[in-house]
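Here is target-v2.cif, consisting of mmCIF, C-alpha atoms:
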```
data_model
#
loop_
_atom_site.label_atom_id
_atom_site.label_comp_id
_atom_site.auth_asym_id
_atom_site.auth_seq_id
_atom_site.Cartn_x
_atom_site.Cartn_y
_atom_site.Cartn_z
CA MET A 99 82.38 252.26 97.76
CA GLN A 100 85.87 251.97 99.13
CA PRO A 101 87.60 252.95 95.82
CA ASN A 102 85.64 256.21 95.66
CA LYS A 103 86.83 257.21 99.11
CA THR A 104 90.41 256.61 98.02
CA LYS A 105 89.86 258.52 94.80
CA ASN A 106 88.28 261.45 96.64
CA LYS A 107 91.06 261.47 99.19
CA SER A 108 93.63 261.54 96.37
CA ALA A 109 91.83 264.44 94.66
CA SER A 110 91.61 266.25 97.97
CA THR A 111 95.30 265.72 98.66
CA ASN A 112 96.16 266.93 95.15
CA SER A 113 94.04 270.03 95.70
CA HIS A 114 95.78 270.75 99.00
CA SER A 115 99.22 270.35 97.45
CA LYS A 116 98.27 272.82 94.67
CA GLU A 117 97.09 275.29 97.29
CA ALA A 118 100.37 274.85 99.16
CA ALA A 119 102.35 275.35 95.95
CA ALA A 120 100.40 278.51 95.11
CA GLU A 121 101.41 279.94 98.49
CA ASN A 122 105.06 278.81 98.26
CA GLN A 123 107.02 282.07 98.07
CA PRO A 124 110.43 280.49 97.31
CA LEU A 125 108.88 278.56 94.40
CA LEU A 126 107.14 281.69 93.13
CA ASP A 127 110.41 283.65 93.45
CA PHE A 128 112.19 280.94 91.44
CA PHE A 129 109.44 281.10 88.80
CA VAL A 130 109.74 284.89 88.48
CA ASP A 131 113.52 284.58 88.22
CA GLU A 132 113.16 282.08 85.38
CA ILE A 133 110.65 284.35 83.61
CA ARG A 134 113.26 287.12 83.82
CA ASP A 135 115.82 284.74 82.32
CA ILE A 136 113.68 283.83 79.28
CA TYR A 137 112.66 287.48 78.90
CA TRP A 138 116.33 288.40 78.49
CA ALA A 139 116.73 285.54 76.02
CA GLU A 140 113.74 286.59 73.89
CA LYS A 141 114.86 290.22 73.80
CA HIS A 142 118.29 289.15 72.58
CA ILE A 143 116.81 286.83 69.99
CA VAL A 144 114.94 289.86 68.61
CA LYS A 145 118.34 291.52 68.13
CA THR A 146 119.98 288.40 66.67
CA LEU A 147 117.38 287.27 64.12
CA PRO A 148 118.03 290.19 61.72
CA LYS A 149 121.73 289.22 61.68
CA MET A 150 120.81 285.62 60.89
CA HIS A 151 118.40 286.79 58.19
CA LYS A 152 121.14 288.89 56.59
CA ALA A 153 123.64 286.02 56.76
CA ALA A 154 121.29 283.41 55.27
CA GLY A 155 121.67 282.63 51.58
CA SER A 156 118.50 280.64 50.94
CA GLN A 157 115.23 282.51 50.57
CA PRO A 158 113.20 279.92 52.53
CA LEU A 159 115.64 280.31 55.44
CA LYS A 160 115.50 284.10 55.20
CA ASN A 161 111.69 283.87 55.28
CA ALA A 162 111.76 281.57 58.32
CA PHE A 163 113.98 284.03 60.20
CA GLU A 164 111.83 286.99 59.18
CA ASP A 165 108.60 285.28 60.27
CA HIS A 166 110.12 284.15 63.55
CA LEU A 167 111.30 287.68 64.30
CA GLU A 168 107.67 288.83 64.31
CA GLU A 169 106.69 285.89 66.51
CA THR A 170 109.55 286.57 68.90
CA LYS A 171 108.42 290.16 69.32
CA GLU A 172 105.04 288.74 70.34
CA HIS A 173 106.79 286.38 72.78
CA VAL A 174 108.38 289.42 74.43
CA ASN A 175 104.94 291.03 74.67
CA ARG A 176 103.47 287.89 76.25
CA LEU A 177 106.24 287.79 78.83
CA GLU A 178 105.50 291.42 79.65
CA GLN A 179 101.87 290.34 80.19
CA VAL A 180 103.14 287.62 82.53
CA PHE A 181 105.06 290.21 84.56
CA GLU A 182 101.93 292.36 84.69
CA ILE A 183 99.78 289.46 85.92
CA LEU A 184 102.39 288.70 88.57
CA GLY A 185 102.48 292.35 89.63
CA GLU A 186 106.18 292.49 88.80
CA LYS A 187 108.19 294.98 86.78
CA ALA A 188 109.30 293.55 83.43
CA HIS A 189 112.95 293.07 84.27
CA ALA A 190 115.41 290.87 82.39
CA LYS A 191 118.08 288.72 84.00
CA LYS A 192 121.01 287.72 81.83
CA CYS A 193 120.51 284.22 80.45
CA GLU A 194 123.95 282.67 80.35
CA ALA A 195 122.74 279.67 78.35
CA MET A 196 121.15 281.75 75.60
CA GLN A 197 124.12 284.08 75.49
CA GLY A 198 126.31 281.06 74.78
CA ILE A 199 123.98 279.69 72.10
CA ILE A 200 123.78 283.10 70.40
CA LYS A 201 127.57 283.49 70.56
CA GLU A 202 127.94 280.07 68.94
CA GLY A 203 125.58 281.14 66.14
CA GLU A 204 127.59 284.29 65.56
CA SER A 205 130.77 282.22 65.27
CA ILE A 206 129.11 280.15 62.53
CA ILE A 207 128.60 283.35 60.55
CA ASP A 208 132.21 284.39 61.15
CA GLU A 209 133.66 280.99 60.25
CA THR A 210 131.68 280.14 57.10
CA GLU A 211 131.77 281.56 53.61
CA GLU A 212 129.03 283.99 52.58
CA LYS A 213 126.14 282.72 50.45
CA THR A 214 127.02 279.06 50.89
CA ALA A 215 124.74 276.20 51.77
CA VAL A 216 127.21 275.21 54.48
CA ARG A 217 126.57 278.55 56.19
CA ASP A 218 122.82 277.98 55.89
CA VAL A 219 123.18 274.50 57.42
CA GLY A 220 125.07 276.09 60.33
CA LEU A 221 122.41 278.79 60.72
CA VAL A 222 119.63 276.20 60.81
CA LEU A 223 121.52 274.21 63.44
CA ALA A 224 122.18 277.32 65.54
CA ALA A 225 118.54 278.40 65.28
CA GLN A 226 117.33 274.95 66.29
CA LYS A 227 119.57 275.03 69.37
CA VAL A 228 117.81 278.27 70.31
CA GLU A 229 114.40 276.69 69.68
CA HIS A 230 115.18 273.61 71.74
CA TYR A 231 116.30 275.73 74.67
CA GLU A 232 113.09 277.76 74.41
CA ILE A 233 110.92 274.66 74.07
CA SER A 234 112.34 273.13 77.24
CA THR A 235 112.11 276.43 79.11
CA TYR A 236 108.54 277.27 78.10
CA GLY A 237 107.40 273.69 78.72
CA GLY A 238 108.82 273.71 82.23
CA LEU A 239 107.56 277.21 83.02
CA ALA A 240 104.04 276.43 81.80
CA GLN A 241 103.88 273.36 84.03
CA LEU A 242 105.26 275.32 86.97
CA ALA A 243 102.68 278.07 86.39
CA ARG A 244 99.91 275.46 86.59
CA THR A 245 101.45 274.05 89.77
CA LEU A 246 101.43 277.56 91.23
CA GLY A 247 97.74 277.94 90.34
CA LYS A 248 98.45 280.49 87.62
CA GLY A 249 96.50 279.04 84.70
CA ASP A 250 96.28 282.37 82.87
CA ILE A 251 100.07 282.59 82.81
CA ALA A 252 100.37 278.92 81.82
CA ASP A 253 98.06 279.58 78.86
CA LEU A 254 100.29 282.43 77.65
CA LEU A 255 103.43 280.33 78.03
CA GLU A 256 101.85 277.34 76.27
CA LYS A 257 100.88 279.55 73.32
CA THR A 258 104.53 280.54 72.93
CA LEU A 259 105.62 276.91 73.41
CA THR A 260 103.39 275.86 70.50
CA GLU A 261 104.90 278.55 68.27
CA GLU A 262 108.45 277.56 69.21
CA LYS A 263 107.71 273.93 68.29
CA LYS A 264 106.28 275.03 64.93
CA THR A 265 109.40 277.11 64.23
CA ASP A 266 111.60 274.12 65.03
CA MET A 267 109.61 271.99 62.58
CA ARG A 268 109.81 274.69 59.92
CA LEU A 269 113.58 274.86 60.27
CA THR A 270 113.77 271.09 59.86
CA GLU A 271 111.63 271.33 56.72
CA VAL A 272 113.85 274.10 55.30
CA ALA A 273 116.94 271.97 55.89
CA GLU A 274 115.41 268.81 54.46
CA ALA A 275 113.94 270.62 51.43
CA GLY A 276 117.35 271.33 50.01
CA ILE A 277 119.88 273.13 52.19
CA ASN A 278 121.44 269.94 53.57
CA TYR A 279 121.61 268.35 50.09
CA GLU A 280 123.08 271.51 48.56
CA ALA A 281 125.73 271.69 51.29
CA ALA A 282 126.67 268.04 50.72
CA HIS A 283 127.26 268.77 47.05
CA GLU A 284 128.79 272.21 47.39
CA HIS A 285 132.31 272.54 46.01
CA ALA A 286 134.95 273.44 48.54
#
```
Just give me the structure of the file as structure tokens.
Amino acid sequence: MQPNKTKNKSASTNSHSKEAAAENQPLLDFFVDEIRDIYWAEKHIVKTLPKMHKAAGSQPLKNAFEDHLEETKEHVNRLEQVFEILGEKAHAKKCEAMQGIIKEGESIIDETEEKTAVRDVGLVLAAQKVEHYEISTYGGLAQLARTLGKGDIADLLEKTLTEEKKTDMRLTEVAEAGINYEAAHEHA
């Protein structure tokens, strides 16, 4: 019977620490601040994806950007739901990291020749940098939401996380299906 007492004590301690986390105002403030950060990022991705679509030469890449634009608009809507659940105004805070990643993507467009596979390779790489930032952010925020006792918010964030991972995989498939090979054999 001794192991059960230890197990119950551990579950009880875990429950108490979750209750404490749910009442931790500095942690909640940090969480809200990070939601504002990714909200800014998603809104700017909505503005950037049409530029990437226009710059892409390959139809599969254009399709991937077009599809992800619609998903990203839904990500913005989900974040607005998160603000609503939190009782906060949907307010964006400039995301310095995403601004840098987007700026880097724009420089790829400026520095590569139109309608080349090399440009498409650069666009895939830039888009995957965006996806990886989002994957790490949504993963961390979903876990933090659970820690704060906000399972409904965690569910919304995890839905977006799943979509971001699928987009990353799709971009890999687009690159492997021909863009990388075409760029390797493209004449300078």
Rank A:His283, A:Lys227, A:Lys152, A:Lys213 by their smallest atom-to-atom distance to Gln197 in chain A, using only C-alpha atoms, and report the top residue only. A:Lys227
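Among the candidate residues A:Glu274, A:Ala139, A:Arg134, A:Lys149, the one lying nearest to Lys191 in chain A is A:Arg134, with distances computed using only C-alpha atoms.
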I'd like the contact shell of Asp253 in chain A - 12 Å cut-off, only C-alpha atoms, skipping same-chain residues fewer than 5 positions apart - returned as a list of chain:residue names.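 Returned residues: A:Arg176, A:Leu177, A:Gln179, A:Val180, A:Tyr236, A:Gly237, A:Leu239, A:Ala240, A:Gln241, A:Leu242, A:Ala243, A:Arg244, A:Gly247, A:Lys248, A:Thr258, A:Leu259, A:Thr260.
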For a quick check of your reading of the model, name the residues lying within 12 Å of the coordinate (103.9, 285.4, 93.8), counting all atoms listed in the file, and write them as a ChimeraX atom specification. /A:119-131,180-186,243,246-248,251
Using all atoms listed in the file for the distances, tell me which of A:Ala282, A:Met267, A:Met196, A:Ala190 is nearest to Gln226 in chain A. A:Met267
If I take CA of Glu211 in chain A and CA of Ala225 in chain A, how far is one from the other in Å, to one decimal?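 Computing it gives 17.9 Å between the two atoms.
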Separating CA of Asn278 in chain A from CA of Lys171 in chain A, to the nearest tenth of an Å, is a gap of 28.7 Å
Shell around Glu209 in chain A at 12 Å using only C-alpha atoms, local window under 6 positions removed, as a PyMOL selection string: chain A and resi 153+202-203+216-217+220-221
What gap, in Å, lies between CA of Ile200 in chain A and CA of Lys141 in chain A?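 Taking CA of Ile200 in chain A and CA of Lys141 in chain A, their separation equals 11.9 Å.
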Might you spell out which residues the PyMOL selection byres ((chain A and resi 276) around 12) would select in the displayed file, as JSON, numbers by chain? {"A": [156, 157, 158, 159, 215, 216, 218, 219, 269, 270, 271, 272, 273, 274, 275, 277, 278, 279, 280, 281, 282, 283, 284]}
